[in-house]
Amino acid sequence: MTDPVPDAIASDPAKLGWMQGFPPPPDKQVLWRNTDHWRFPKTRWAFSHYRELIPTIRVAGGHGAALPRAIDEDLAQLRFTPLHSDTPITVEQGLLGTYADGLLVVHKGRVILERWYGVTGPETRHIAFSVTKSFVGTIAASLVAEGRLDPAAPVSVYVPELAHSGFGNATVQQVMDMTTAVDFSEEYTNPRSGIGAYSAAVGFVPAAPDYDGPRDMWSFLTGIAANGTHGQAFTYRTCNTDVLNWIITRITGQSFAGNLCERLWVPLGLHDADVMVDSIGTPFAGGGLCLRLEDLAKFGEMIRQNGQGIVPERAIAAIRRGGRPDQFDTPHYPSLPGWSYGSQWWHSHGQDGGFSARGIHGQALWIAPAADLVIARFGSHPVAGNAGNDPISIPMWQAIGRYVRG
């Protein structure tokens, strides 16, 4: 029988003493070479310290003003009922139940609830994982709105190196919406899956002794084969995002970090951030961004306010429109009925109108324009897939939306 997974309080990284001491005792160390950054509960320290474990490149920003505060502690005691449950819980309990590391609830541009847990604080650059994808999608949508990127063009037009890969005859829009048909599996628990080999190629994890595959992102992407017909269904695959970023870098002549800096960080006054890089310095656009939680919230607030002149309104409209619900992979996401995926964003298409950026282990940016609401959360849930926390998180975000609307 396996031991029960410790709850958020028992797994608190500060209380467990990870990496404390000069030097830390061997049993308190978190080491990349041992893949400790993927082993719960050490993940609860690692996710807030990724740039100390894995090579990164700086996303230079500024020092913009903090969001104004109008804290409403009653919100922490708001009760809602998780999916598949008959027992209401509070928002505070929901945050502990999803192993939150930090939370900011922003209503009409003001922070109305703020929480920090463990070793995560306001200045922490926490790994955002696949929330990173929505930054890539936003830049791509901007280039489309500017007339510099044709969503109907084949990928090979922009990146000839991918002509003989599974992506060569896919359209840019199919890559943006992840409706490509390629031979790549996103099984997080299988080290031999596509995402497992991808992680070894980009340096997310140490390569197995018998690994003889690509050692950088570009080489890995060119070797992905076709499997089916493009445009028929949404299947979540991280490699799509890095293909999209390859296209973006060809158009702009800048790396992912450079585009983030020029298009978002400097105009928004966001603080310096970091992006993981592979062995030849290529930023991991599919999930390598490490940033402050308040800067994530500011990005969401800009999207909620139709781009604030930083992102074209036409791009924001495309982001808000979402994808096709009839193409959504509902069997793999039973907690997201009627949702869609488009432009590297997740869309609820519900009465709340919420759409979101999502990352494994509980990273989330929820935007509900109808409620003038933005919610940003960092987490270190022991289950990678969001199915581990969606039954609590989705109804919690929706309940907060109802609360702020009166």
# chains A, B, ... in the order shown; residues from 1 in each chain; ligands from 1
$ residues_around --residues "Arg263 of chain A" --least-positions-apart "3" --cutoff "12 Å" --atoms "only C-alpha atoms" --output "ChimeraX atom specification"
/A:59-61,135-136,138-140,142-143,252,254-260,266-270,299,307,309-312
$ write_last_selection --atoms "C-alpha atoms" --output "PDB file, in the first residue's frame"
ATOM      1  CA  VAL A  59      13.197  38.693 -19.808  1.00  0.00           C
ATOM      2  CA  ALA A  60      14.116  42.280 -19.055  1.00  0.00           C
ATOM      3  CA  GLY A  61      11.301  44.432 -17.762  1.00  0.00           C
ATOM      4  CA  PHE A 135       1.814  34.428 -23.959  1.00  0.00           C
ATOM      5  CA  VAL A 136       2.972  32.793 -27.212  1.00  0.00           C
ATOM      6  CA  THR A 138      -1.073  36.383 -27.697  1.00  0.00           C
ATOM      7  CA  ILE A 139       2.046  37.359 -29.628  1.00  0.00           C
ATOM      8  CA  ALA A 140       0.954  35.206 -32.582  1.00  0.00           C
ATOM      9  CA  SER A 142      -0.910  40.183 -32.538  1.00  0.00           C
ATOM     10  CA  LEU A 143       1.192  39.330 -35.592  1.00  0.00           C
ATOM     11  CA  THR A 252      10.319  38.994 -35.839  1.00  0.00           C
ATOM     12  CA  GLN A 254      13.890  37.827 -32.061  1.00  0.00           C
ATOM     13  CA  SER A 255      13.870  35.029 -29.522  1.00  0.00           C
ATOM     14  CA  PHE A 256      10.872  34.338 -27.315  1.00  0.00           C
ATOM     15  CA  ALA A 257      12.509  36.278 -24.477  1.00  0.00           C
ATOM     16  CA  GLY A 258      13.121  39.240 -26.784  1.00  0.00           C
ATOM     17  CA  ASN A 259       9.531  39.289 -28.021  1.00  0.00           C
ATOM     18  CA  LEU A 260       8.186  39.074 -24.474  1.00  0.00           C
ATOM     19  CA  VAL A 266       8.389  46.862 -21.159  1.00  0.00           C
ATOM     20  CA  PRO A 267       5.002  48.289 -22.272  1.00  0.00           C
ATOM     21  CA  LEU A 268       3.262  46.812 -19.215  1.00  0.00           C
ATOM     22  CA  GLY A 269       6.051  47.704 -16.800  1.00  0.00           C
ATOM     23  CA  LEU A 270       6.406  44.101 -15.649  1.00  0.00           C
ATOM     24  CA  PHE A 299      -0.982  40.531 -18.157  1.00  0.00           C
ATOM     25  CA  GLY A 307      -5.268  45.132 -24.921  1.00  0.00           C
ATOM     26  CA  GLY A 309      -3.217  49.700 -26.746  1.00  0.00           C
ATOM     27  CA  ILE A 310      -0.427  47.151 -26.195  1.00  0.00           C
ATOM     28  CA  VAL A 311      -2.066  44.201 -27.954  1.00  0.00           C
ATOM     29  CA  PRO A 312      -4.286  44.978 -30.992  1.00  0.00           C
TER      30      PRO A 312
END
$ residues_around --residues "Thr81 of chain A" --least-positions-apart "4" --cutoff "9 Å" --atoms "only C-alpha atoms" --output "PyMOL selection string"
chain A and resi 85-90+392+395-396+399
$ write_last_selection --atoms "N, CA and C atoms" --output "PDB file, in the first residue's frame"
ATOM      1  N   SER A  85     -19.309  16.723  -5.568  1.00  0.00           N
ATOM      2  CA  SER A  85     -19.373  16.789  -4.106  1.00  0.00           C
ATOM      3  C   SER A  85     -20.694  17.416  -3.684  1.00  0.00           C
ATOM      4  N   ASP A  86     -21.141  17.065  -2.489  1.00  0.00           N
ATOM      5  CA  ASP A  86     -22.330  17.684  -1.909  1.00  0.00           C
ATOM      6  C   ASP A  86     -21.976  18.589  -0.742  1.00  0.00           C
ATOM      7  N   THR A  87     -20.682  18.733  -0.477  1.00  0.00           N
ATOM      8  CA  THR A  87     -20.240  19.474   0.705  1.00  0.00           C
ATOM      9  C   THR A  87     -19.603  20.794   0.302  1.00  0.00           C
ATOM     10  N   PRO A  88     -20.200  21.919   0.639  1.00  0.00           N
ATOM     11  CA  PRO A  88     -19.592  23.216   0.330  1.00  0.00           C
ATOM     12  C   PRO A  88     -18.305  23.426   1.122  1.00  0.00           C
ATOM     13  N   ILE A  89     -17.378  24.146   0.529  1.00  0.00           N
ATOM     14  CA  ILE A  89     -16.143  24.547   1.196  1.00  0.00           C
ATOM     15  C   ILE A  89     -15.921  26.032   0.946  1.00  0.00           C
ATOM     16  N   THR A  90     -14.993  26.620   1.686  1.00  0.00           N
ATOM     17  CA  THR A  90     -14.670  28.025   1.496  1.00  0.00           C
ATOM     18  C   THR A  90     -13.561  28.185   0.467  1.00  0.00           C
ATOM     19  N   ILE A 392     -12.246  21.497  -7.999  1.00  0.00           N
ATOM     20  CA  ILE A 392     -12.320  22.581  -7.016  1.00  0.00           C
ATOM     21  C   ILE A 392     -12.150  23.933  -7.699  1.00  0.00           C
ATOM     22  N   PRO A 395     -15.271  25.582 -10.243  1.00  0.00           N
ATOM     23  CA  PRO A 395     -16.398  26.176  -9.509  1.00  0.00           C
ATOM     24  C   PRO A 395     -15.972  27.295  -8.563  1.00  0.00           C
ATOM     25  N   MET A 396     -14.730  27.271  -8.078  1.00  0.00           N
ATOM     26  CA  MET A 396     -14.254  28.361  -7.221  1.00  0.00           C
ATOM     27  C   MET A 396     -14.142  29.662  -8.012  1.00  0.00           C
ATOM     28  N   ALA A 399     -17.616  30.889  -8.716  1.00  0.00           N
ATOM     29  CA  ALA A 399     -18.265  31.435  -7.513  1.00  0.00           C
ATOM     30  C   ALA A 399     -17.726  32.834  -7.193  1.00  0.00           C
TER      31      ALA A 399
END
$ closest_residue --among "A:Val119, A:Ala208, A:Val131, A:Ala233" --to "Ala181 of chain A" --atoms "only C-alpha atoms"
A:Ala233
$ residues_around --residues "segment 330-334 of chain A" --least-positions-apart "5" --cutoff "9 Å" --atoms "only C-alpha atoms" --output "ChimeraX atom specification"
/A:325,339,386-387
$ write_last_selection --atoms "N, CA and C atoms" --output "PDB file, in the first residue's frame"
ATOM      1  N   PRO A 325     -15.967  24.208 -29.932  1.00  0.00           N
ATOM      2  CA  PRO A 325     -16.302  23.218 -28.898  1.00  0.00           C
ATOM      3  C   PRO A 325     -16.540  21.819 -29.449  1.00  0.00           C
ATOM      4  N   TRP A 339     -16.217  23.277 -23.411  1.00  0.00           N
ATOM      5  CA  TRP A 339     -15.082  24.170 -23.577  1.00  0.00           C
ATOM      6  C   TRP A 339     -14.487  24.047 -24.977  1.00  0.00           C
ATOM      7  N   ASN A 386      -4.404  19.034 -14.790  1.00  0.00           N
ATOM      8  CA  ASN A 386      -5.352  19.878 -14.066  1.00  0.00           C
ATOM      9  C   ASN A 386      -6.611  19.148 -13.631  1.00  0.00           C
ATOM     10  N   ALA A 387      -6.799  17.919 -14.109  1.00  0.00           N
ATOM     11  CA  ALA A 387      -7.922  17.129 -13.604  1.00  0.00           C
ATOM     12  C   ALA A 387      -7.805  16.919 -12.101  1.00  0.00           C
TER      13      ALA A 387
END
$ closest_residue --among "A:Tyr236, A:Trp345, A:Phe129, A:Trp265" --to "Ile360 of chain A" --atoms "only C-alpha atoms"
A:Phe129
$ atom_distance --atom1 "atom CA of Glu114 of chain A" --atom2 "atom CA of Arg69 of chain A"
9.1 Å
$ closest_residue --among "A:Trp397, A:Phe167, A:Phe40, A:Tyr158" --to "Thr229 of chain A" --atoms "only C-alpha atoms"
A:Phe167
$ closest_atom_pairs --of "segment 17-51 of chain A" --to "segment 273-293 of chain A" --cutoff "12 Å" --atoms "only C-alpha atoms" --output "JSON lines"
{"residue": "A:Ala46", "atom": "CA", "partner": "A:Cys290", "partner_atom": "CA", "distance": 11.7}
{"residue": "A:Phe47", "atom": "CA", "partner": "A:Cys290", "partner_atom": "CA", "distance": 8.9}
{"residue": "A:Ser48", "atom": "CA", "partner": "A:Cys290", "partner_atom": "CA", "distance": 8.4}
{"residue": "A:His49", "atom": "CA", "partner": "A:Cys290", "partner_atom": "CA", "distance": 9.0}
{"residue": "A:Tyr50", "atom": "CA", "partner": "A:Cys290", "partner_atom": "CA", "distance": 7.5}
{"residue": "A:Arg51", "atom": "CA", "partner": "A:Asp274", "partner_atom": "CA", "distance": 7.3}
$ closest_residue --among "A:Ser11, A:Asp36, A:Met302, A:Met176" --to "Val144 of chain A" --atoms "only C-alpha atoms"
A:Met176
$ closest_residue --among "A:Ser356, A:Gln93, A:Asn227, A:Thr238" --to "Ile195 of chain A" --atoms "only C-alpha atoms"
A:Thr238
